[in-house]
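Pasted below: model29.tsv, TSV, C-alpha atoms.
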chain	number	residue	atom	x	y	z
N	1	MET	CA	36.93	-83.42	26.88
N	2	ARG	CA	33.38	-84.63	27.30
N	3	PHE	CA	31.46	-83.65	30.38
N	4	GLU	CA	31.24	-87.27	31.55
N	5	GLU	CA	34.93	-87.83	31.01
N	6	GLN	CA	35.77	-84.84	33.14
N	7	LEU	CA	33.54	-86.20	35.87
N	8	VAL	CA	35.24	-89.59	35.70
N	9	GLU	CA	38.54	-87.85	36.13
N	10	LEU	CA	37.24	-85.93	39.11
N	11	LEU	CA	35.71	-88.98	40.73
N	12	PRO	CA	38.66	-90.08	42.93
N	13	ARG	CA	38.94	-86.64	44.50
N	14	LEU	CA	35.21	-86.32	44.88
N	15	ARG	CA	35.09	-89.64	46.72
N	16	ARG	CA	37.75	-88.41	49.08
N	17	PHE	CA	35.85	-85.22	49.79
N	18	ALA	CA	32.61	-87.17	50.28
N	19	ARG	CA	34.33	-89.55	52.66
N	20	GLY	CA	35.51	-86.65	54.77
N	21	LEU	CA	32.00	-85.24	54.91
N	22	ALA	CA	30.01	-88.43	55.34
N	23	GLY	CA	32.47	-90.46	57.38
N	24	SER	CA	31.73	-93.95	56.15
N	25	ALA	CA	32.68	-95.37	52.77
N	26	GLY	CA	29.14	-96.51	51.96
N	27	ASP	CA	27.55	-93.16	52.80
N	28	ALA	CA	30.28	-91.36	50.87
N	29	ASP	CA	29.68	-93.34	47.69
N	30	ASP	CA	25.92	-92.86	48.03
N	31	LEU	CA	26.62	-89.16	48.27
N	32	CYS	CA	28.87	-89.27	45.19
N	33	GLN	CA	26.21	-91.15	43.28
N	34	ALA	CA	23.58	-88.57	44.15
N	35	ALA	CA	25.98	-85.78	43.20
N	36	ILE	CA	26.79	-87.34	39.83
N	37	GLU	CA	23.12	-87.88	39.07
N	38	ARG	CA	22.37	-84.30	40.01
N	39	ALA	CA	25.25	-83.05	37.88
N	40	LEU	CA	24.14	-85.04	34.84
N	41	LYS	CA	20.62	-83.71	35.25
N	42	SER	CA	21.67	-80.10	35.66
N	43	ARG	CA	24.67	-80.09	33.33
N	44	ASP	CA	23.17	-77.13	31.47
N	45	GLN	CA	23.79	-75.03	34.56
N	46	TRP	CA	27.49	-75.64	34.43
N	47	GLN	CA	29.19	-73.06	32.29
N	48	ASN	CA	31.89	-74.54	30.15
N	49	GLY	CA	35.13	-72.77	30.88
N	50	THR	CA	34.41	-72.44	34.59
N	51	ARG	CA	35.79	-74.94	37.00
N	52	LEU	CA	33.93	-78.19	37.00
N	53	ASP	CA	35.56	-79.32	40.24
N	54	SER	CA	34.25	-76.37	42.24
N	55	TRP	CA	30.80	-76.88	40.76
N	56	MET	CA	30.83	-80.58	41.64
N	57	TYR	CA	32.11	-79.96	45.15
N	58	ARG	CA	29.32	-77.44	45.68
N	59	ILE	CA	26.69	-79.92	44.47
N	60	THR	CA	28.11	-82.65	46.68
N	61	ARG	CA	28.30	-80.45	49.71
N	62	ASN	CA	24.79	-79.08	49.25
N	63	LEU	CA	23.35	-82.57	48.88
N	64	TRP	CA	25.13	-83.61	52.03
N	65	ILE	CA	23.84	-80.62	53.98
N	66	ASP	CA	20.30	-81.32	52.74
N	67	GLU	CA	20.63	-84.89	53.85
N	68	ARG	CA	21.95	-83.89	57.27
N	69	ARG	CA	19.10	-81.46	57.77
N	70	ALA	CA	16.54	-84.02	56.72
N	71	ALA	CA	18.07	-86.56	59.10
N	72	GLY	CA	17.99	-83.97	61.86
N	73	ARG	CA	14.27	-83.36	61.23
N	74	ARG	CA	13.62	-87.09	61.37
N	75	GLY	CA	15.30	-87.09	64.75
N	76	VAL	CA	18.23	-89.21	63.65
N	77	HIS	CA	21.05	-88.67	66.05
N	78	THR	CA	23.94	-86.86	64.47
N	79	PRO	CA	27.25	-86.32	66.15
N	80	ILE	CA	27.13	-82.55	65.93
N	81	ASP	CA	28.69	-81.76	69.21
N	82	ASP	CA	29.37	-78.23	70.20
N	83	ALA	CA	30.44	-79.34	73.65
N	84	ILE	CA	33.66	-80.68	72.29
N	85	THR	CA	34.64	-77.26	71.07
N	86	GLN	CA	34.45	-75.95	74.62
N	87	ILE	CA	37.40	-78.04	75.56
N	88	ALA	CA	39.43	-75.88	77.89
N	89	GLY	CA	39.71	-77.54	81.26
N	90	ASP	CA	36.91	-79.98	80.55
N	91	GLY	CA	37.84	-83.29	82.12
N	92	ALA	CA	35.50	-85.39	80.01
N	93	ALA	CA	36.79	-83.84	76.82
N	94	GLU	CA	40.34	-84.53	77.94
N	95	VAL	CA	39.51	-88.19	78.35
N	96	GLU	CA	37.85	-88.24	74.97
N	97	ALA	CA	40.84	-86.55	73.41
N	98	GLY	CA	43.06	-89.25	74.86
N	99	ALA	CA	40.87	-91.99	73.44
N	100	LEU	CA	40.84	-90.38	70.02
N	101	ARG	CA	44.56	-89.84	69.72
N	102	GLY	CA	45.45	-91.21	66.32
N	103	ASP	CA	41.84	-91.61	65.18
N	104	VAL	CA	41.42	-89.09	62.39
N	105	ASP	CA	37.96	-90.34	61.42
N	106	GLY	CA	36.77	-90.15	65.00
N	107	ALA	CA	38.14	-86.66	65.44
N	108	MET	CA	36.64	-85.45	62.14
N	109	ALA	CA	33.27	-86.90	63.11
N	110	ARG	CA	33.26	-84.73	66.20
N	111	LEU	CA	33.58	-81.51	64.25
N	112	PRO	CA	30.42	-79.57	63.55
N	113	ASP	CA	29.43	-79.97	59.89
N	114	GLU	CA	30.34	-76.42	58.93
N	115	GLN	CA	33.85	-76.86	60.31
N	116	ARG	CA	34.33	-80.31	58.82
N	117	GLU	CA	33.55	-79.14	55.29
N	118	VAL	CA	36.01	-76.25	55.55
N	119	VAL	CA	38.73	-78.51	56.97
N	120	MET	CA	38.22	-80.92	54.07
N	121	LEU	CA	38.24	-78.25	51.38
N	122	VAL	CA	41.28	-76.33	52.61
N	123	LEU	CA	43.47	-78.81	54.47
N	124	VAL	CA	42.75	-81.97	52.49
N	125	GLU	CA	41.54	-80.87	49.06
N	126	GLY	CA	43.96	-77.95	48.98
N	127	TYR	CA	41.57	-75.19	47.97
N	128	ALA	CA	42.51	-71.59	48.62
N	129	TYR	CA	40.34	-69.76	51.16
N	130	ARG	CA	38.79	-67.80	48.33
N	131	GLU	CA	37.89	-70.96	46.40
N	132	ALA	CA	36.51	-72.69	49.48
N	133	ALA	CA	34.40	-69.61	50.19
N	134	ALA	CA	33.03	-69.73	46.63
N	135	ILE	CA	32.18	-73.43	46.89
N	136	LEU	CA	30.42	-72.96	50.21
N	137	GLU	CA	28.93	-69.61	49.19
N	138	VAL	CA	30.05	-67.90	52.38
N	139	PRO	CA	32.40	-64.95	52.99
N	140	ILE	CA	36.15	-65.65	53.29
N	141	GLY	CA	36.08	-64.51	56.92
N	142	THR	CA	33.60	-67.28	57.66
N	143	VAL	CA	35.92	-69.81	56.08
N	144	THR	CA	38.93	-68.67	58.12
N	145	SER	CA	37.08	-68.56	61.44
N	146	ARG	CA	35.50	-71.99	60.95
N	147	LEU	CA	38.83	-73.36	59.83
N	148	ALA	CA	40.56	-71.96	62.92
N	149	ARG	CA	38.00	-73.55	65.24
N	150	GLY	CA	38.11	-76.86	63.40
N	151	ARG	CA	41.88	-76.92	63.52
N	152	GLU	CA	42.06	-76.23	67.22
N	153	THR	CA	39.60	-79.00	67.97
N	154	LEU	CA	41.44	-81.48	65.74
N	155	MET	CA	44.82	-80.60	67.22
N	156	HIS	CA	43.39	-81.09	70.65
N	157	LEU	CA	41.68	-84.38	69.83
N	158	LEU	CA	44.58	-85.83	67.89
N	159	GLY	CA	47.25	-84.65	70.28
N	160	GLU	CA	49.64	-81.79	69.96
N	161	ALA	CA	52.36	-83.97	68.52
N	162	ALA	CA	49.73	-85.55	66.26
Q	1	MET	CA	55.44	-64.27	68.82
Q	2	THR	CA	54.47	-61.19	66.89
Q	3	PHE	CA	52.17	-62.94	64.45
Q	4	ASP	CA	48.60	-63.71	65.41
Q	5	PRO	CA	47.35	-67.30	65.09
Q	6	ALA	CA	45.32	-66.54	61.98
Q	7	THR	CA	48.44	-65.27	60.22
Q	8	VAL	CA	50.42	-68.35	61.19
Q	9	ALA	CA	47.59	-70.54	59.87
Q	10	ALA	CA	47.44	-68.53	56.66
Q	11	PHE	CA	51.20	-68.95	56.32
Q	12	VAL	CA	50.91	-72.72	56.52
Q	13	ASP	CA	48.00	-72.65	54.08
Q	14	GLY	CA	50.05	-70.66	51.56
Q	15	GLU	CA	47.63	-67.74	51.77
Q	16	LEU	CA	50.06	-64.96	52.61
Q	17	ASP	CA	51.74	-62.60	50.24
Q	18	ASP	CA	55.37	-63.43	49.57
Q	19	LEU	CA	56.74	-60.65	51.69
Q	20	THR	CA	54.86	-61.57	54.86
Q	21	ALA	CA	55.57	-65.26	54.28
Q	22	ARG	CA	59.28	-64.52	54.12
Q	23	ARG	CA	59.13	-62.47	57.29
Q	24	ILE	CA	57.46	-65.32	59.15
Q	25	ALA	CA	59.91	-67.87	57.80
Q	26	ARG	CA	62.80	-65.71	58.86
Q	27	GLU	CA	61.39	-65.00	62.28
Q	28	ALA	CA	60.69	-68.71	62.84
Q	29	GLU	CA	64.42	-69.31	62.66
Q	30	ASN	CA	64.99	-67.41	65.87
Q	31	ASP	CA	61.64	-67.87	67.55
Q	32	PRO	CA	61.13	-71.43	68.79
Q	33	ALA	CA	57.53	-70.73	69.83
Q	34	LEU	CA	56.67	-69.57	66.32
Q	35	ALA	CA	58.52	-72.49	64.75
Q	36	ALA	CA	56.63	-74.88	67.03
Q	37	GLU	CA	53.30	-73.30	66.12
Q	38	ILE	CA	54.09	-73.65	62.42
Q	39	ALA	CA	55.14	-77.26	62.98
Q	40	ARG	CA	51.91	-77.99	64.87
Q	41	HIS	CA	49.85	-76.77	61.92
Q	42	ARG	CA	51.95	-78.66	59.40
Q	43	VAL	CA	51.72	-81.88	61.33
Q	44	LEU	CA	47.93	-81.64	61.44
Q	45	LYS	CA	47.73	-80.90	57.74
Q	46	ALA	CA	50.09	-83.76	56.92
Q	47	ARG	CA	48.10	-86.17	59.06
Q	48	LEU	CA	44.81	-85.28	57.45
Q	49	THR	CA	46.25	-85.39	53.96
Q	50	ALA	CA	47.91	-88.73	54.56
Q	51	HIS	CA	44.76	-90.14	56.09
Q	52	PHE	CA	42.52	-89.25	53.16
Q	53	ALA	CA	45.01	-89.67	50.31
Q	54	PRO	CA	44.46	-93.43	49.85
Q	55	ILE	CA	40.77	-92.87	49.06
Q	56	ALA	CA	41.64	-90.80	46.01
Q	57	GLU	CA	43.93	-93.58	44.85
Q	58	GLU	CA	41.32	-96.29	45.04
Q	59	GLU	CA	39.55	-97.56	41.98
Q	60	PRO	CA	36.13	-95.87	42.12
Q	61	PRO	CA	33.36	-98.44	42.45
Q	62	GLN	CA	31.73	-99.65	39.27
Q	63	ARG	CA	28.31	-98.32	40.27
Q	64	LEU	CA	29.71	-94.77	40.12
Q	65	ARG	CA	31.68	-95.25	36.93
Q	66	ALA	CA	28.71	-96.84	35.28
Q	67	LEU	CA	26.81	-93.55	35.62
Q	68	LEU	CA	29.39	-91.85	33.46
Q	69	VAL	CA	31.05	-94.40	31.21
Q	70	ASP	CA	29.67	-96.98	28.88
Q	71	ASP	CA	32.15	-99.69	29.70
Q	72	ARG	CA	30.94	-102.01	26.97
Q	73	VAL	CA	33.09	-100.20	24.46
Q	74	ASP	CA	36.19	-100.62	26.57
Q	75	THR	CA	38.50	-103.31	25.36
Q	76	SER	CA	39.63	-104.88	28.57
Q	77	LEU	CA	39.88	-104.33	32.24
Q	78	ALA	CA	43.63	-104.13	31.99
Q	79	ASP	CA	43.43	-101.39	29.36
Q	80	ARG	CA	41.03	-99.41	31.46
Q	81	ARG	CA	43.23	-99.70	34.50
Q	82	GLU	CA	46.21	-98.63	32.50
Q	83	ALA	CA	44.38	-95.64	31.03
Q	84	ARG	CA	43.10	-94.63	34.41
Q	85	ARG	CA	46.48	-94.95	36.02
Q	86	ALA	CA	47.94	-92.69	33.40
Q	87	ARG	CA	45.22	-90.12	33.79
Q	88	PHE	CA	45.36	-90.08	37.56
Q	89	ALA	CA	49.08	-89.67	37.72
Q	90	PRO	CA	49.00	-85.94	38.50
Q	91	ILE	CA	46.47	-86.49	41.26
Q	92	HIS	CA	48.62	-89.23	42.69
Q	93	TRP	CA	51.66	-87.03	42.68
Q	94	GLY	CA	49.66	-84.23	44.28
Q	95	ALA	CA	48.65	-86.53	47.09
Q	96	ILE	CA	52.21	-87.56	47.69
Q	97	ALA	CA	53.47	-84.04	47.66
Q	98	ALA	CA	50.74	-82.92	50.00
Q	99	SER	CA	51.14	-85.83	52.35
Q	100	LEU	CA	54.74	-84.95	52.77
Q	101	VAL	CA	53.66	-81.43	53.43
Q	102	LEU	CA	56.93	-80.21	54.08
Q	103	GLY	CA	56.05	-77.30	52.26
Q	104	LEU	CA	53.53	-74.78	52.24
Q	105	THR	CA	55.24	-73.03	49.40
Q	106	ILE	CA	55.27	-75.91	46.97
Q	107	GLY	CA	52.21	-74.37	45.38
Q	108	LEU	CA	53.68	-70.91	45.32
Q	109	ARG	CA	56.98	-71.88	43.88
Q	110	PRO	CA	56.33	-74.87	41.70
Q	111	TRP	CA	59.29	-77.09	41.46
Q	112	MET	CA	61.13	-76.60	38.25
Q	113	PRO	CA	63.13	-79.33	36.63
Q	114	ALA	CA	66.68	-78.83	37.70
Q	115	ALA	CA	69.94	-80.59	37.26
Q	116	GLY	CA	70.65	-83.07	39.99
Q	117	VAL	CA	67.13	-84.41	40.24
Q	118	VAL	CA	65.50	-87.41	38.62
Q	119	ASP	CA	61.97	-88.69	38.83
Q	120	ALA	CA	61.88	-92.26	40.16
Q	121	ASN	CA	58.31	-93.53	39.84
Q	122	GLY	CA	56.83	-90.29	41.02
Q	123	ALA	CA	59.39	-89.61	43.72
Q	124	LEU	CA	62.02	-86.96	43.23
Q	125	VAL	CA	65.46	-88.34	43.86
Q	126	ALA	CA	68.82	-86.59	43.96
Q	127	SER	CA	71.33	-87.47	41.28
Q	128	GLY	CA	74.67	-86.27	39.98
Q	129	THR	CA	76.41	-83.48	41.88
Q	130	LEU	CA	73.49	-83.04	44.26
Q	131	ALA	CA	73.54	-86.72	45.23
Q	132	GLU	CA	77.27	-86.55	45.61
Q	133	ALA	CA	77.10	-83.50	47.85
Q	134	LEU	CA	74.41	-85.10	50.01
Q	135	ASP	CA	76.45	-88.29	50.22
Q	136	THR	CA	79.81	-86.81	51.03
Q	137	GLN	CA	79.83	-83.10	51.86
Q	138	LEU	CA	80.04	-82.05	55.50
Q	139	ALA	CA	78.31	-78.83	56.54
Q	140	SER	CA	81.13	-78.19	58.93
Q	141	ASN	CA	83.75	-78.38	56.24
Q	142	GLN	CA	82.62	-77.34	52.79
Q	143	PRO	CA	84.44	-75.29	50.20
Q	144	ALA	CA	83.28	-71.69	49.90
Q	145	ASP	CA	82.62	-72.16	46.19
Q	146	ALA	CA	80.79	-75.50	46.52
Q	147	ALA	CA	78.05	-75.85	43.91
Q	148	VAL	CA	75.72	-77.22	46.55
Q	149	ARG	CA	75.82	-76.06	50.13
Q	150	ILE	CA	74.65	-78.38	52.87
Q	151	GLY	CA	72.64	-76.77	55.66
Q	152	LEU	CA	71.34	-78.94	58.47
Q	153	SER	CA	71.67	-82.69	58.88
Q	154	PHE	CA	69.18	-84.37	61.17
Q	155	ARG	CA	67.03	-87.42	61.75
Q	156	ASP	CA	63.33	-87.22	61.08
Q	157	GLU	CA	60.66	-88.90	63.15
Q	158	THR	CA	60.89	-92.12	61.19
Q	159	GLY	CA	64.63	-92.29	61.87
Q	160	ARG	CA	65.81	-91.35	58.40
Q	161	TYR	CA	68.77	-89.07	57.93
Q	162	CYS	CA	67.72	-85.86	56.20
Q	163	ARG	CA	69.83	-82.95	54.97
Q	164	SER	CA	68.86	-79.51	53.78
Q	165	PHE	CA	70.77	-78.12	50.83
Q	166	GLU	CA	70.96	-75.05	48.63
Q	167	GLY	CA	72.27	-74.71	45.14
Q	168	ASP	CA	71.84	-72.10	42.43
Q	169	GLY	CA	69.04	-73.95	40.70
Q	170	LEU	CA	67.38	-75.72	43.56
Q	171	ALA	CA	67.17	-75.83	47.32
Q	172	GLY	CA	65.42	-78.38	49.47
Q	173	ILE	CA	65.62	-81.24	51.92
Q	174	GLY	CA	66.68	-84.76	50.96
Q	175	CYS	CA	66.03	-87.80	53.12
Q	176	ARG	CA	67.97	-91.02	52.90
Q	177	GLU	CA	65.99	-94.02	51.74
Q	178	GLY	CA	68.06	-97.08	50.98
Q	179	SER	CA	70.91	-95.86	48.85
Q	180	ARG	CA	69.29	-92.70	47.54
Q	181	TRP	CA	68.13	-89.28	48.67
Q	182	THR	CA	64.43	-88.67	48.23
Q	183	LEU	CA	63.65	-84.97	47.94
Q	184	GLU	CA	60.88	-84.10	50.30
Q	185	ARG	CA	61.00	-80.38	50.01
Q	186	THR	CA	62.12	-78.46	46.99
Q	187	LEU	CA	62.10	-74.85	46.04
Q	188	ARG	CA	63.81	-73.03	43.31
Q	189	GLY	CA	67.21	-71.78	44.29
Q	190	GLU	CA	67.86	-68.07	43.84
Q	191	THR	CA	71.18	-66.49	43.26
Q	192	ARG	CA	70.27	-63.11	44.68
Q	193	PRO	CA	71.48	-63.01	48.29
Q	194	ALA	CA	68.24	-61.59	49.73
Q	195	TYR	CA	66.20	-64.40	48.24
Q	196	ARG	CA	68.73	-66.96	49.20
Q	197	GLN	CA	68.43	-65.85	52.79
Q	198	ALA	CA	64.65	-66.11	52.64
Q	199	ALA	CA	64.89	-69.57	51.14
Q	200	SER	CA	67.21	-70.74	53.86
Q	201	GLY	CA	64.69	-69.40	56.38
Q	202	ASP	CA	61.93	-71.51	54.80
Q	203	LEU	CA	64.17	-74.53	54.77
Q	204	ALA	CA	65.25	-74.10	58.36
Q	205	ALA	CA	61.64	-73.83	59.46
Q	206	ASP	CA	60.77	-76.95	57.48
Q	207	ALA	CA	63.74	-78.81	58.82
Q	208	ALA	CA	62.71	-77.83	62.35
Q	209	ALA	CA	59.25	-79.22	61.71
Q	210	MET	CA	60.60	-82.54	60.40
Q	211	MET	CA	63.32	-83.03	62.94
Q	212	ALA	CA	63.23	-85.54	65.77
Q	213	GLY	CA	65.50	-84.13	68.44
Q	214	ALA	CA	68.38	-81.81	67.64
Q	215	PRO	CA	70.30	-81.51	64.36
Q	216	LEU	CA	73.51	-83.50	64.07
Q	217	ASP	CA	76.59	-81.68	65.29
Q	218	ALA	CA	79.79	-81.75	63.25
Q	219	ALA	CA	81.07	-84.96	64.85
Q	220	ALA	CA	77.78	-86.83	64.48
Q	221	GLU	CA	77.46	-85.62	60.90
Q	222	ARG	CA	80.90	-87.02	60.10
Q	223	VAL	CA	80.15	-90.37	61.75
Q	224	ALA	CA	76.85	-90.67	59.89
Q	225	ARG	CA	78.53	-89.88	56.58
Q	226	ASP	CA	81.32	-92.36	57.18
Q	227	LYS	CA	78.70	-95.03	57.82
Q	228	GLY	CA	77.04	-94.18	54.52
Q	229	TRP	CA	73.96	-92.61	56.17
Q	230	ALA	CA	72.83	-96.04	57.32
Q	231	ASP	CA	72.39	-97.33	60.85
Show how you would write the structure in this file as C-alpha cells.
Amino acid sequence: MRFEEQLVELLPRLRRFARGLAGSAGDADDLCQAAIERALKSRDQWQNGTRLDSWMYRITRNLWIDERRAAGRRGVHTPIDDAITQIAGDGAAEVEAGALRGDVDGAMARLPDEQREVVMLVLVEGYAYREAAAILEVPIGTVTSRLARGRETLMHLLGEAA
Amino acid sequence: MTFDPATVAAFVDGELDDLTARRIAREAENDPALAAEIARHRVLKARLTAHFAPIAEEEPPQRLRALLVDDRVDTSLADRREARRARFAPIHWGAIAASLVLGLTIGLRPWMPAAGVVDANGALVASGTLAEALDTQLASNQPADAAVRIGLSFRDETGRYCRSFEGDGLAGIGCREGSRWTLERTLRGETRPAYRQAASGDLAADAAAMMAGAPLDAAAERVARDKGWAD
C-alpha cells in the first residue's frame, strides 16, 4: 500500500489521539495537519516494514510538545496543574472533582501533559506499555508511573463509580 | 489484597503473564476489595474509550484528506464513503470491543469463530444452542452434561439482563437486547479443567464489574426467564 494510503487509513485514529492531547477539535485537526505535513516531508526517515502508526504517533506527540513549550515561553496560560494531583484532603480539589464528574474532557485537561499522553496511548489507543514507551522514547517504568498517577487523578475527578 | 496497585493496573491493561493474570482473576472471586479495584480500573478505561471512540468514527475533514489523496480521481462521494467504511471496519469493531471493555483479555485470547455465534452488523450475537441455553436454561437446574453451562445471571447498570456462560468452544457473557443476546465478553472455552476454572474466574470478575446490585437468585432467575428476559 502506498505511504499516503496508509496515512489515510491511520487518520481516524490519529485524530482521536490528537483530540486527547489537544483537547479541542480545531486544535486537534491543526495538530494532525502539521503531523501529516511533517510525515510527508520526512517520509524517507520511516523505514518500510516498521510500524507506521507508532512513527506517526511519535511525530504527532513531538509536535504537540513543541507547541506546548512554545506556548509556555510566550506566556500563554496552559492548564498544567500539579496542584490537582495533590488531591488528598484538599477541599478545593474535592469541589472541583464534584463539578467535573462526568466531564471526561475537563478531567483530561487537568492532567499534566506527560500523564495525558500516556493515558491516551495506553487506555484509549490500546498500546502496550512497551509500545507507548517506544513512542514517547522513555523507559517503561516512566510510562507505568505516569499512567498510575494519571489514572488516580482521573478516577478522583470523574468519581469512583465513574 | 495481596497484589500491589501497579499489578492490578497491569492486569486490567493486559500486561501480565498468563499465570499471574489467572491468579488475580481467581483471587478476585473471593476478594471483594480486589474485585472492586479491578472494576474501578475497568470502568475508567471503558469511560475513556467510549468518550473518544466517536472521533475515530467521524469522517476526517477534507483539509486533512486533501493532503494525502487526490480526490479528483475518485468517482463519487458515495463511492468514497463506501470504500472508507469498508476499510475502517476493523477500527470500528476495535472501538466497540474496547468501549465494552469487559475484557482485558480480549487481546490475549482473540475470539475465535465458534458455533453458536453470528455477526450482526459488527455485534456478536448468540445463535443456535447457545441462544437457546441463554433463553431457557436455569443455572439452578441444568443437566450435568449440558453443552453450555450458565453461570451468573444479573442486571447490568443499564438494566439489561446479562448471563455468563461456558461451553467447550466458547465462554463469555451475553446481554439481552430486544430478542437477542449480544455477546459482550468472549473467550475461548477450554476443555481442560484447570483452564476452565481460570476462565470462570475471569468471567466472574467481569460479571462482578458489570453487575448492578447482586446476581439473580434461583427464584428471580426463573421469573426473569418466564417473562422472556424482558421487563
Nearby residues (all atoms listed in the file) at most 8 Å from Leu136 (chain N), same-chain spacing under 3 positions excluded, as a list in words:
Arg58, Arg61, Ala132 and Ala133 of chain N
As an exercise, work out the distance from CA of Ser153 (chain Q) to CA of Gly122 (chain Q) in Å and give it to one decimal place.
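Between CA of Ser153 (chain Q) and CA of Gly122 (chain Q) the gap is 24.4 Å.
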Counting all atoms listed in the file, the option among Q:Glu166, Q:Ala224, Q:Ala126, Q:Leu68 closest to Ala35 (chain N):
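For Ala35 (chain N), the nearest of the candidates is Q:Leu68.
Proximity to chain Q at a cut-off of 7 Å picks out Glu4, Val8, Pro12, Arg13, Arg15, Arg16, Gln33, Leu123, Val124, Met155, Glu160 and Ala162 of chain N on chain N, counting only C-alpha atoms.
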Neighbour list for Ala36 (chain Q) as a list in words, cut-off 12 Å, all atoms listed in the file, skip fewer than 5 positions in-chain
Glu160 and Ala161 of chain N; Met1, Val8, Glu27, Ala28, Glu29, Asn30, Asp31, His41, Arg42, Val43, Ala205, Asp206, Ala207, Ala208, Ala209, Met210 and Met211 of chain Q
Using only C-alpha atoms, can you tell me which of Q:Thr7, Q:Gly213, Q:Ala21, Q:Cys175 comes closest to Ser145 (chain N)?
Q:Thr7
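Nearest to Leu203 (chain Q) of all the residues Q:Arg180, Q:Arg155, Q:Lys227, Q:Arg163 is Q:Arg163, based on only C-alpha atoms.
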Selection near region 109-115 of chain N, 6 Å with all atoms listed in the file, sequence-local residues under 3 positions removed, as a list of chain:residue names:
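Selected residues are N:Ile80, N:Gly106, N:Val118, N:Arg146, N:Gly150.
Around the coordinate (23.3, -81.3, 55.4), residues that reach within 12 Å when counting only C-alpha atoms are Leu21, Ala22, Leu31, Ile59, Thr60, Arg61, Asn62, Leu63, Trp64, Ile65, Asp66, Glu67, Arg68, Arg69, Ala70, Ala71, Gly72, Arg73, Thr78, Ile80, Pro112, Asp113, Glu114, Arg116 and Glu117 of chain N.
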Hey, can you check how far CA of Gln137 (chain Q) sits from CA of Gly228 (chain Q)?
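Pair CA of Gln137 (chain Q) / CA of Gly228 (chain Q) returns 11.7 Å.
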Separation of CA of Ser140 (chain Q) from CA of Asp226 (chain Q), in Å and rounded to one decimal
14.3 Å
